[in-house]
Each structure stands twice: as C-alpha cells, then as structure tokens.
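K.L.:
The structure follows.
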Amino acid sequence: MEYVSRWSNSGRVGHVDTVKDYDGRTALILAAMRGHAIVVKYLIDTFHASVDAVDMSDGRTALLHASSFGHTETVIALAARGANVDARGKKGETALMLAVFYGHADTAITLKQKHNAAVVEDPYGNTALTLARTRGLTNVVRALES
C-alpha cells in the first residue's frame with residue numbers, strides 16, 4: 001500500500017482512474033482482482049477511485065472481478081462503498097453468477113445477502129441458481145432458494 005500512496009501522490013498522475021493497463025483496467029480493478037481489500041478501500045476512500053469503472057477487455061467492474069476470484073472481503077468492501085451489485089459484464093454475467101460459476105460459495109452467499117439476483121438470467125438463460133445446481137453447490141442452492 002505504501003507504493004500505491006507514493007505513486008498516487010507523486011504528482012505525475014492527475015487522477016487514480018486515468019492510469020490503466022493494456023486491457024483498460026484501473027488500479028482499483030487490479031487490486032480487486034488480486035483480493036487486496038485494504039488497497040481497494042484506500043483507493044476509493046482516499047483517491048475517490050471510480051468504484052464502477054469498467055475494463056475494456058470483458059466489460060467487468062472491480063466487483064465482478066473480485067467475485068470471479070472469490071475475494072469475499074473485497075466484495076464486501078466494494079459493496080459497502082456503493083459498487084453496483086447489478087452490474088453486468090459484456091456477456092451479461094452478474095457478480096453473483098461469476099461467484100457461483102467459479103465455485104466461490106462464501107462470495108456467492110455474501111452477494112445473495114446484498115441483492116436477490118438469483119433469478120436474473122444471462123443471455124444464455126442461466127441464472128445463479130441454475131449454475132449452482134449444475135455445479136453441485138448445495139449450500140449455495142439453499143442460500144439462493146431462501
């Protein structure tokens with residue numbers, strides 16, 4: 001985190017969201033992908049990083065990426081700071097769908113508590129509930145059905 005602070009305070013960057021990698025990912029998205037919840041909080045709280053910035057490669061926000069990697073603490077931090085839990089990637093996937101698809105039960109249950117999106121469908125007709133059943137995640141199925 002010291003590196004992030006030094007970099008962002010160097011005066012070489014106008015705003016933390018202006019620097020992106022080759023896929024259009026901001027520092028916040030990269031931190032969320034790696035599960036660095038403390039850095040995520042710091043970037044949003046201190047530098048007002050755009051919580052719903054979208055990367056250019058797959059149209060995913062920091063919340064969508066954190067969900068796909070099962071970074072529950074990061075998902076909680078993003079949701080608490082106003083991340084759109086209804087955001088969708090380019091393929092119509094939601095954070096809940098991604099958590100279920102990749103088998104991250106704790107993250108899926110956390111997202112279910114934030115939003116009841118178990119019946120929302122992607123363009124292929126999949127819902128988080130059907131994905132959970134297909135993956136055999138019985139604890140997630142129970143949580144989504146409640």
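To be explicit about the labels: the chains of the structure tokens are called A, B, and onward in the order shown, and within each one the residues are counted from 1, while ligands get numbers from 1 in the order they are shown.
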Find the residues near Glu73 in chain A: any atom within 8 Å, counting only C-alpha atoms, skip ones fewer than 3 places away on the same chain, and give them as an MDAnalysis selection string.
P.N.:
chainID A and resid 35 37 76:77
K.L.:
Please measure the separation of CA of Gly92 in chain A and CA of Leu144 in chain A, giving the value in Å to one decimal.
P.N.:
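CA of Gly92 in chain A sits 19.1 Å away from CA of Leu144 in chain A.
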K.L.:
Check the smallest atom-to-atom distance from each of A:Gly136, A:Gly89, A:Gly103, A:Gly70 to Ala53 in chain A using only C-alpha atoms, then report the winner.
P.N.:
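For Ala53 in chain A, the nearest of the candidates is A:Gly89.
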K.L.:
Which residue, A:Ile29, A:Ile109, A:Val40, A:Leu98, has the smallest gap to Ala80 in chain A when you use only C-alpha atoms?
P.N.:
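Between A:Ile29, A:Ile109, A:Val40, A:Leu98, the residue approaching Ala80 in chain A most closely is A:Val40.
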K.L.:
How many Å separate CA of Lys41 in chain A from CA of Ala95 in chain A?
P.N.:
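Straight-line distance from CA of Lys41 in chain A to CA of Ala95 in chain A works out to 18.6 Å.
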K.L.:
Can you pull out every residue within 8 Å of Lys90 in chain A, counting only C-alpha atoms, but drop anything in the same chain fewer than 6 positions away, and send it as a list in words?
P.N.:
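So the residues in contact are Asp58, Gly59 and Arg60 of chain A.
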K.L.:
Using C-alpha atoms, can you export the residues from the last selection as a compact mmCIF listing (two decimals), in the first residue's frame?
P.N.:
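Result file again.txt:
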# COMPACT_ATOMS: atom_id res chain seq x y z
CA ASP A 58 -14.56 -8.00 -20.80
CA GLY A 59 -16.63 -5.09 -19.51
CA ARG A 60 -16.25 -6.13 -15.89
K.L.:
Could you produce a table of the residues of range 11-101 of chain A lying within 8 Å of range 121-127 of chain A, with the nearest pair of atoms per residue and their separation in Å rounded to one decimal, using only C-alpha atoms, ordered by chain and increasing residue number, as JSON lines?
P.N.:
{"residue": "A:Lys91", "atom": "CA", "partner": "A:Pro123", "partner_atom": "CA", "distance": 7.2}
{"residue": "A:Gly92", "atom": "CA", "partner": "A:Asp122", "partner_atom": "CA", "distance": 5.0}
{"residue": "A:Glu93", "atom": "CA", "partner": "A:Asp122", "partner_atom": "CA", "distance": 5.7}
{"residue": "A:Thr94", "atom": "CA", "partner": "A:Asp122", "partner_atom": "CA", "distance": 8.0}
{"residue": "A:Met97", "atom": "CA", "partner": "A:Thr127", "partner_atom": "CA", "distance": 6.8}
K.L.:
With C-alpha atoms retained, could you export that selection as a PDB file, in the first residue's frame?
P.N.:
ATOM      1  CA  LYS A  91     -21.564 -11.492 -21.653  1.00  0.00           C
ATOM      2  CA  GLY A  92     -24.405 -10.438 -19.347  1.00  0.00           C
ATOM      3  CA  GLU A  93     -22.905 -12.066 -16.267  1.00  0.00           C
ATOM      4  CA  THR A  94     -23.507 -10.667 -12.794  1.00  0.00           C
ATOM      5  CA  MET A  97     -23.284 -15.604 -11.402  1.00  0.00           C
TER       6      MET A  97
END
K.L.:
Which distance in Å separates CA of Val120 in chain A and CA of Arg142 in chain A, to one decimal?
P.N.:
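About the pair CA of Val120 in chain A and CA of Arg142 in chain A: they are 16.8 Å apart.
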K.L.:
Residues within 12 Å of Lys112 in chain A, please, as a PyMOL selection string. Count only C-alpha atoms; anything in the same chain fewer than 4 positions from it doesn't count.
P.N.:
chain A and resi 67+72+75-76+79+85-86+94-97+99-100+105-108+116-120+128-129+140-146
K.L.:
Looking at only C-alpha atoms, which of A:Ala132, A:Leu137, A:Met56, A:Leu78 is the one that sits closest to Ala31 in chain A?
P.N.:
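Residue with the minimum atom-to-atom distance to Ala31 in chain A: A:Leu78.
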K.L.:
For a quick check of understanding, using only C-alpha atoms, which of A:Gln113, A:Thr74, A:Thr138, A:Thr18 has the smallest distance to Ala32 in chain A?
P.N.:
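Among A:Gln113, A:Thr74, A:Thr138, A:Thr18, it is A:Thr74 that comes nearest to Ala32 in chain A.
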K.L.:
Restricting the calculation to only C-alpha atoms: of A:Ala49, A:His104, A:Ser68, A:His115, which residue gets closest to Val19 in chain A?
P.N.:
A:Ala49
K.L.:
What are the DSSP helix (DSSP H, G or I) residues of chain A, as a ChimeraX atom specification?
P.N.:
/A:2-8,16-18,27-33,37-47,62-68,72-80,95-101,105-114,128-135,138-145
K.L.:
Select, from A:Thr134, A:Leu111, A:Gly24, A:Val51, the residue with the minimum atom-to-atom distance to Asn84 in chain A, counting only C-alpha atoms.
P.N.:
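So, comparing all the options, the nearest one is A:Val51.
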